[in-house]
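Asker: Pasting a structure here, questions to come.
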Amino acid sequence: MNHHNFPTMNALSSSSSSPSIKFSPYKTHSLLLPQPRSTFQSITLSRKVKLKIICSASEHPQHAEPLKHKKEKSVSDGEKGVDPVGFLTKLGISHKQFAQYLRERYKSLKDLKDEIFDRHANLQDLSSGFMFLGMHRHVEHRVDFMEWAPGARYCAVVGDFNGWSPTENAAREGHFGHDDYGYWFIILEDKLKEGEKPDELYFQQYNYVDDYDKGDSGISIDEIFKRANDEYWEPGEDRFIKNRFEVPAKLYEQLFGPNGPQTLEELEEIPDAETRYKAWKEQHKDDLSSNLPSYDVIDNGKEYDIFNVVIDPVTREKFKVKKPPIAYWLETRKGRKAWLKKYSPTIPHGSKYRVYFNTPNGPLERIPAWATYVQPDADGKQGFAIHWEPPPEYAYKWKNTKPNVPKALKIYECHVGISGSEPKVSSFNYFIEKVLPHVKEAGYNAIQLFGVVEHKDYFTVGYRVTNFFAVSSRYGTPEDFKRLVDEAHGLGLLVFLDIVHSYAAADEMVGLSSFDGSNDCYFHTGKRGHHKYWGTRMFKYGDQDVLHFLLSNLNWWVVEYHIDGFRFHSLSSMIYTHNGFASFTGDMEEFCNQYVDKDALLYLILANEILHGLHPNIITIAEDATYYPGLCDRPSQGGLGF
């Protein structure tokens with residue numbers, strides 16, 4: 001183990017005084033749909049907490065407020081509080097070429113956000129892909145599976161639950177099975193048990209956590225709907241809900257009924273909408289008042305005014321204060337026991353599965369990129385994902401709250417697998433019982449774990465990641481890791497994760513390399529797609545779907561496992577096309593020449609903006625051996641935001 005006040009070369013800054021529309025069929029998946037402009041476009045940092053760090057006195061932003069998305073001005077227009085070369089000005093550094101690079105990079109960041117907001121509602125949506133992609137239990141007695149594979153022609157889920165059949169659970173054809181961005185969608189319906197009847201309500205929902213819900217009260221669905229009509233709708237309001245075909249039926253009868261016109265001459269010309277509307281008004285001018293909403297059409301003599309429908313103020317106010325009848329709908333939802341009595345899970349907890357693709361180069365099987373529990377190398381055989389959906393009684397329940405961020409950090413860097421004294425791979429449970437008390441007694445207030453994210457080859461110590469959303473199965477289960485983090489919080493220890501987004505394992509059977517049969521799904525092609533010396537694959541940070549994957553991955557570890565911060569491993573591998581293997585003289589030109597990957601820098605800025613915006617107390621640490629200027633300065637001042 002390595003224990004020290006702070007890892008060497010982490011969070012280095014240039015100065016010790018630096019301040020810190022395509023088609024998509026999935027209507028419920030807002031991440032994949034074109035959305036209005038964001039309300040989370042940029043983040044302002046309103047308060048700072050000083051962190052005493054040996055190698056840098058960077059200041060970390062602690063609170064953030066989302067700003068409404070509006071049309072941005074150019075840098076020259078002088079946005080309030082934004083100076084793309086702010087940290088250079090503060091430090092009195094004058095370098096024309098690097099300053100121009102920072103201005104261009106800021107402009108590229110704004111352009112990138114505009115592209116993002118064409119597809120995502122906001123940056124939070126961009127970083128929440130884990131809510132929809134992968135395997136998820138749906139309230140309507142089914143499991144939904146989504147995967148991004150733009151190079152595939154066919155997609156199916158295969159596993160021990162369906163005899164590894166590539167046809168039983170496959171995506172539907174056309175846009176019913178995938179969208180134009182390459183996101184595949186598969187529904188795995190639960191199996192109705194023998195002797196059970198299908199649900200009376202087609203969209204019957206189930207609560208999979210509680211044994212019983214309101215729908216188990218014995219009240220029939222017809223009774224609930226009748227009560228909703230009686231209590232919620234006012235007299236006359238539900239007329240067209242019950243008889244929605246009344247108007248078109250009458251119109252059809254007038255045109256084609258037995259008393260209707262029999263020839264084209266008798267049909268005559270159909271009056272325009274305005275003429276028909278005025279005739280209707282004249283016909284009903286003496287009608288008695290009713291409880292139905294009062295609408296009218298204004299006509300100020302301008303073209304198309306006839307289409308301006310207005311409503312009286314009283315009806316408008318009644319509509320505004322009236323809440324949707326969700327309570328009645330929730331009253332139909334049944335509990336877990338009703339679900340288990342009627343259905344068998346289509347993919348039980350603990351099932352082994354992979355995703356099957358048909359590609360231009362033939363069929364192939366892969367471990368899903370968003371899988372949350374993986375056996376990467378099962379006794380020398382092909383690895384597989386494990387469906388992790390433990391029953392409520394076995395799911396871990398959090399007990400402790402996160403500790404407050406201390407004024408000074410004293411970090412204990414550790415690896416779970418080598419934490420024991422015996423010649424074997426240690427487990428999460430061993431680490432909880434033996435190591436955490438030792439760390440606390442030694443006076444540390446944070447632990448930094450590396451090698452936790454799933455990796456096939458143990459000799460890489462976890463730095464060649466294969467499955468980015470999965471904890472390493474060699475140490476235990478996801479519930480075991482949750483317990484580790486929770487127990488650490490109970491001891492007052494923050495938990496940091498060593499995150500490797502600078503490259504990925506080149507393994508094709510388990511990892512992301514050639515994931516969908518193409519060479520440029522997640523990574524660059526050619527030499528650019530491989531690390532100069534290590535052979536690992538290099539991410540294509542300029543691709544919006546790759547950003548979606550990586551940013552969602554960061555948010556996932558915080559939301560699912562309550563991680564308190566990240567150390568970004570080997571920044572020099574990602575921000576330079578030579579992977580940091582070059583002679584650095586200290587000239588500022590080396591940080592803005594043709595070997596600098598601007599897309600990678602934009603990714604790091606977005607990562608810090610999103611993490612600090614969604615989780616104000618998060619701590620982000622940069623491991624960089626090249627002393628890239630502005631690492632620990634705010635993005636609004638030309639920094640990267642660590």
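Scheme for the structure tokens: letters A, B, ... for chains in order shown; per-chain residue numbers from 1; ligand numbers from 1 in order shown.
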I'd like the neighbourhood of segment 585-587 of chain A as a PDB file with N, CA, C and O atoms, in the first residue's frame, where a residue qualifies if any of its atoms comes within 12 Å (using only C-alpha atoms), though same-chain residues fewer than 4 positions away should be ignored.
Answerer:
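As a result, around_14.pdb now contains:
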```pdb
ATOM      1  N   SER A  14      -0.102  25.644 -12.973  1.00  0.00           N
ATOM      2  CA  SER A  14       1.049  26.418 -13.401  1.00  0.00           C
ATOM      3  C   SER A  14       1.549  27.341 -12.310  1.00  0.00           C
ATOM      4  O   SER A  14       2.626  27.892 -12.406  1.00  0.00           O
ATOM      5  N   HIS A  95       1.473  35.406 -23.208  1.00  0.00           N
ATOM      6  CA  HIS A  95       1.899  34.497 -24.272  1.00  0.00           C
ATOM      7  C   HIS A  95       0.804  34.515 -25.334  1.00  0.00           C
ATOM      8  O   HIS A  95      -0.274  33.925 -25.158  1.00  0.00           O
ATOM      9  N   GLN A  97       0.282  33.240 -28.333  1.00  0.00           N
ATOM     10  CA  GLN A  97      -0.196  32.023 -28.977  1.00  0.00           C
ATOM     11  C   GLN A  97      -1.091  31.209 -28.039  1.00  0.00           C
ATOM     12  O   GLN A  97      -2.166  30.746 -28.430  1.00  0.00           O
ATOM     13  N   PHE A  98      -0.676  31.067 -26.774  1.00  0.00           N
ATOM     14  CA  PHE A  98      -1.471  30.277 -25.831  1.00  0.00           C
ATOM     15  C   PHE A  98      -2.778  31.002 -25.485  1.00  0.00           C
ATOM     16  O   PHE A  98      -3.830  30.368 -25.335  1.00  0.00           O
ATOM     17  N   PHE A 591       1.856  23.532 -25.046  1.00  0.00           N
ATOM     18  CA  PHE A 591       0.524  23.257 -24.522  1.00  0.00           C
ATOM     19  C   PHE A 591      -0.584  23.703 -25.473  1.00  0.00           C
ATOM     20  O   PHE A 591      -1.770  23.641 -25.113  1.00  0.00           O
ATOM     21  N   CYS A 592      -0.206  24.155 -26.663  1.00  0.00           N
ATOM     22  CA  CYS A 592      -1.241  24.608 -27.604  1.00  0.00           C
ATOM     23  C   CYS A 592      -0.863  24.320 -29.053  1.00  0.00           C
ATOM     24  O   CYS A 592      -1.432  24.906 -29.969  1.00  0.00           O
ATOM     25  N   ASN A 593       0.095  23.415 -29.261  1.00  0.00           N
ATOM     26  CA  ASN A 593       0.513  23.123 -30.627  1.00  0.00           C
ATOM     27  C   ASN A 593      -0.356  22.025 -31.236  1.00  0.00           C
ATOM     28  O   ASN A 593      -1.391  21.637 -30.670  1.00  0.00           O
ATOM     29  N   ALA A 625       1.662  14.762 -15.478  1.00  0.00           N
ATOM     30  CA  ALA A 625       3.103  14.906 -15.315  1.00  0.00           C
ATOM     31  C   ALA A 625       3.685  16.026 -16.162  1.00  0.00           C
ATOM     32  O   ALA A 625       4.893  16.249 -16.140  1.00  0.00           O
ATOM     33  N   THR A 626       2.822  16.731 -16.915  1.00  0.00           N
ATOM     34  CA  THR A 626       3.346  17.759 -17.832  1.00  0.00           C
ATOM     35  C   THR A 626       3.057  19.179 -17.346  1.00  0.00           C
ATOM     36  O   THR A 626       3.412  20.130 -18.041  1.00  0.00           O
ATOM     37  N   TYR A 627       2.434  19.313 -16.173  1.00  0.00           N
ATOM     38  CA  TYR A 627       2.153  20.637 -15.599  1.00  0.00           C
ATOM     39  C   TYR A 627       1.331  21.491 -16.568  1.00  0.00           C
ATOM     40  O   TYR A 627       1.662  22.650 -16.810  1.00  0.00           O
ATOM     41  N   TYR A 628       0.248  20.915 -17.109  1.00  0.00           N
ATOM     42  CA  TYR A 628      -0.562  21.677 -18.055  1.00  0.00           C
ATOM     43  C   TYR A 628      -1.142  22.912 -17.370  1.00  0.00           C
ATOM     44  O   TYR A 628      -1.747  22.819 -16.298  1.00  0.00           O
ATOM     45  N   PRO A 629      -0.985  24.099 -17.949  1.00  0.00           N
ATOM     46  CA  PRO A 629      -1.415  25.337 -17.297  1.00  0.00           C
ATOM     47  C   PRO A 629      -2.928  25.385 -17.087  1.00  0.00           C
ATOM     48  O   PRO A 629      -3.705  25.010 -17.964  1.00  0.00           O
TER      49      PRO A 629
END
```
Asker: As number ranges by chain, please: every residue in segment 139-310 of chain A that DSSP puts in strand (DSSP E).
Answerer: A: 142-148, 154-159, 183-189, 191-192, 295-297, 309-310
Asker: Taking only C-alpha atoms into account, which of A:Tyr208, A:Asn579, A:Val425, A:Asn467 comes nearest Tyr533 of chain A?
Answerer: A:Asn579
Asker: Considering only C-alpha atoms, return as a PyMOL selection string whatever protein or nucleic-acid residues lie within 7 Å of segment 125-131 of chain A, sequence-local ones (same chain, fewer than 6 positions apart) excluded.
Answerer: chain A and resi 31+548+551-552+555-556
Asker: In terms of the shortest atom-to-atom distance over only C-alpha atoms, which of A:Arg333, A:Arg464, A:Lys598, A:Arg354 is closest to Ala369 of chain A?
Answerer: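 For Ala369 of chain A, the nearest of the candidates is A:Arg354.
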Asker: When distances are computed from only C-alpha atoms, which of A:Ala505, A:Met135, A:Val485, A:Ala622 shows the smallest separation from Val157 of chain A?
Answerer: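 Once distances to Val157 of chain A are computed over only C-alpha atoms, the minimum belongs to A:Met135.
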Asker: Let me make sure I understand: among A:Gly443, A:Gly257, A:Gly134, A:Pro437, which one has the smallest atom-to-atom distance to Lys410 of chain A if we use only C-alpha atoms?
Answerer: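 Closest residue, counting only C-alpha atoms: A:Gly443.
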Asker: Pick out the residues sitting within 8 Å of Phe566 of chain A, and hand them over as a compact mmCIF listing (two decimals) with N, CA and C atoms, in the first residue's frame; count only C-alpha atoms, and ignore anything fewer than 2 positions along from it in its own chain.
Answerer:
```txt
# COMPACT_ATOMS: atom_id res chain seq x y z
N PHE A 496 -12.55 8.33 -2.64
CA PHE A 496 -12.22 8.78 -3.99
C PHE A 496 -11.95 7.56 -4.86
N LEU A 497 -12.29 7.70 -6.12
CA LEU A 497 -12.09 6.60 -7.08
C LEU A 497 -11.09 7.01 -8.14
N ASP A 498 -10.14 6.16 -8.39
CA ASP A 498 -9.21 6.37 -9.49
C ASP A 498 -9.94 6.01 -10.78
N ILE A 499 -10.24 7.01 -11.60
CA ILE A 499 -11.03 6.79 -12.81
C ILE A 499 -10.11 6.86 -14.02
N ILE A 563 -19.81 7.91 -4.38
CA ILE A 563 -18.39 8.28 -4.42
C ILE A 563 -18.25 9.78 -4.17
N ASP A 564 -17.20 10.17 -3.44
CA ASP A 564 -17.01 11.58 -3.06
C ASP A 564 -16.10 12.35 -4.01
N PHE A 568 -8.46 11.67 -11.85
CA PHE A 568 -8.42 11.35 -13.27
C PHE A 568 -7.01 10.89 -13.62
N ILE A 619 -15.00 16.31 -5.27
CA ILE A 619 -13.60 16.72 -5.41
C ILE A 619 -13.03 16.02 -6.63
N THR A 620 -12.44 16.77 -7.53
CA THR A 620 -11.82 16.19 -8.72
C THR A 620 -10.32 16.50 -8.71
N ILE A 621 -9.53 15.49 -8.94
CA ILE A 621 -8.08 15.58 -8.89
C ILE A 621 -7.51 15.17 -10.24
```
Asker: Please provide the set of residues having any atom within 8 Å of Ile610 of chain A, restricted to only C-alpha atoms, with same-chain residues fewer than 4 positions apart removed, written as a list of chain:residue names.
Answerer: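 Non-adjacent residues within range: A:Leu123, A:Gln124, A:Ser127, A:Leu606, A:Leu614.
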Asker: Using all heavy atoms, can you write the selected residues to a file as a PDB file, in the first residue's frame?
Answerer:
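The result, stored in again.pdb:
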```pdb
ATOM      1  N   LEU A 123     -27.220  19.479 -19.615  1.00  0.00           N
ATOM      2  CA  LEU A 123     -26.018  18.700 -19.323  1.00  0.00           C
ATOM      3  C   LEU A 123     -26.306  17.563 -18.350  1.00  0.00           C
ATOM      4  O   LEU A 123     -25.614  16.542 -18.356  1.00  0.00           O
ATOM      5  CB  LEU A 123     -24.919  19.610 -18.775  1.00  0.00           C
ATOM      6  CG  LEU A 123     -24.376  20.659 -19.750  1.00  0.00           C
ATOM      7  CD1 LEU A 123     -23.258  21.468 -19.104  1.00  0.00           C
ATOM      8  CD2 LEU A 123     -23.866  20.011 -21.031  1.00  0.00           C
ATOM      9  N   GLN A 124     -27.305  17.721 -17.508  1.00  0.00           N
ATOM     10  CA  GLN A 124     -27.670  16.635 -16.611  1.00  0.00           C
ATOM     11  C   GLN A 124     -28.196  15.444 -17.402  1.00  0.00           C
ATOM     12  O   GLN A 124     -27.876  14.292 -17.102  1.00  0.00           O
ATOM     13  CB  GLN A 124     -28.714  17.110 -15.604  1.00  0.00           C
ATOM     14  CG  GLN A 124     -29.098  16.041 -14.579  1.00  0.00           C
ATOM     15  CD  GLN A 124     -30.034  16.558 -13.520  1.00  0.00           C
ATOM     16  OE1 GLN A 124     -30.435  17.717 -13.573  1.00  0.00           O
ATOM     17  NE2 GLN A 124     -30.382  15.725 -12.566  1.00  0.00           N
ATOM     18  N   SER A 127     -25.416  13.461 -18.932  1.00  0.00           N
ATOM     19  CA  SER A 127     -24.632  12.646 -17.999  1.00  0.00           C
ATOM     20  C   SER A 127     -25.490  11.648 -17.229  1.00  0.00           C
ATOM     21  O   SER A 127     -25.055  11.136 -16.194  1.00  0.00           O
ATOM     22  CB  SER A 127     -23.901  13.556 -17.008  1.00  0.00           C
ATOM     23  OG  SER A 127     -24.824  14.346 -16.276  1.00  0.00           O
ATOM     24  N   LEU A 606     -16.079  19.810 -19.472  1.00  0.00           N
ATOM     25  CA  LEU A 606     -17.468  19.393 -19.283  1.00  0.00           C
ATOM     26  C   LEU A 606     -17.611  18.492 -18.061  1.00  0.00           C
ATOM     27  O   LEU A 606     -18.567  18.619 -17.284  1.00  0.00           O
ATOM     28  CB  LEU A 606     -17.970  18.657 -20.525  1.00  0.00           C
ATOM     29  CG  LEU A 606     -18.426  19.499 -21.712  1.00  0.00           C
ATOM     30  CD1 LEU A 606     -18.821  18.588 -22.872  1.00  0.00           C
ATOM     31  CD2 LEU A 606     -19.595  20.397 -21.337  1.00  0.00           C
ATOM     32  N   LEU A 614     -23.776  19.173 -10.449  1.00  0.00           N
ATOM     33  CA  LEU A 614     -24.741  18.226  -9.901  1.00  0.00           C
ATOM     34  C   LEU A 614     -24.422  17.844  -8.466  1.00  0.00           C
ATOM     35  O   LEU A 614     -25.322  17.558  -7.676  1.00  0.00           O
ATOM     36  CB  LEU A 614     -24.777  16.957 -10.765  1.00  0.00           C
ATOM     37  CG  LEU A 614     -25.237  17.122 -12.208  1.00  0.00           C
ATOM     38  CD1 LEU A 614     -25.190  15.776 -12.925  1.00  0.00           C
ATOM     39  CD2 LEU A 614     -26.630  17.699 -12.275  1.00  0.00           C
TER      40      LEU A 614
END
```
Asker: Quick one: residues within 8 Å of Glu147 of chain A, only C-alpha atoms counted, chain neighbours fewer than 2 positions away excluded, as an MDAnalysis selection string?
Answerer: chainID A and resid 133:134 145 149 183:185 368:370
Asker: Just to be explicit: take each residue in the selection above, keep C-alpha atoms, and write the result as a CSV table (one decimal), in the first residue's frame.
Answerer:
```
chain,number,residue,atom,x,y,z
A,133,LEU,CA,-29.1,2.3,-21.2
A,134,GLY,CA,-28.2,-1.2,-20.1
A,145,PHE,CA,-32.5,-3.2,-22.6
A,149,ALA,CA,-24.0,0.1,-31.5
A,183,TYR,CA,-29.3,3.1,-30.0
A,184,TRP,CA,-31.0,-0.3,-29.9
A,185,PHE,CA,-34.0,-1.0,-27.8
A,368,PRO,CA,-22.9,-4.8,-22.9
A,369,ALA,CA,-21.0,-1.5,-22.5
A,370,TRP,CA,-23.4,-0.4,-19.7
```
Asker: Nearest to Arg153 of chain A among A:Glu433, A:Glu413, A:Asp516, A:Glu234, with distances taken over only C-alpha atoms: which residue is it?
Answerer: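 The shortest atom-to-atom distance to Arg153 of chain A comes from A:Asp516.
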Asker: In Å, how far is it from atom CA of Gly417 of chain A to atom CA of Val453 of chain A?
Answerer: 12.1 Å
Asker: Rounded to one decimal place, report the atom CA of Asp624 of chain A-atom CA of Gln594 of chain A distance in Å.
Answerer: 19.0 Å
Asker: Could you name the residues that touch Ile367 of chain A at 10 Å or less, counting only C-alpha atoms, but leaving out those on the same chain fewer than 5 positions away, as a VMD selection string?
Answerer: chain A and resid 353 to 356 374 to 376 382 to 386 466 to 467 508 to 512 515
Asker: I need the residues from that last selection saved to file as a tab-separated table (two decimals), in the first residue's frame (with C-alpha atoms), if you can.
Answerer:
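Just written: part.tsv:
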```tsv
chain	number	residue	atom	x	y	z
A	353	TYR	CA	-26.08	-12.63	-20.62
A	354	ARG	CA	-24.34	-10.95	-23.54
A	355	VAL	CA	-25.48	-8.78	-26.42
A	356	TYR	CA	-25.54	-10.33	-29.89
A	374	VAL	CA	-19.42	-8.61	-15.14
A	375	GLN	CA	-17.42	-11.82	-15.04
A	376	PRO	CA	-14.71	-10.79	-17.53
A	382	GLN	CA	-15.70	-15.99	-22.81
A	383	GLY	CA	-16.83	-13.50	-20.20
A	384	PHE	CA	-20.42	-12.48	-19.58
A	385	ALA	CA	-22.50	-9.85	-17.82
A	386	ILE	CA	-24.59	-10.73	-14.78
A	466	THR	CA	-12.87	-3.28	-19.79
A	467	ASN	CA	-16.27	-2.55	-18.20
A	508	GLU	CA	-12.53	-7.10	-28.00
A	509	MET	CA	-14.32	-10.01	-26.33
A	510	VAL	CA	-14.89	-8.24	-23.02
A	511	GLY	CA	-14.06	-4.56	-23.56
A	512	LEU	CA	-15.17	-1.83	-25.95
A	515	PHE	CA	-17.62	-3.21	-29.95
```
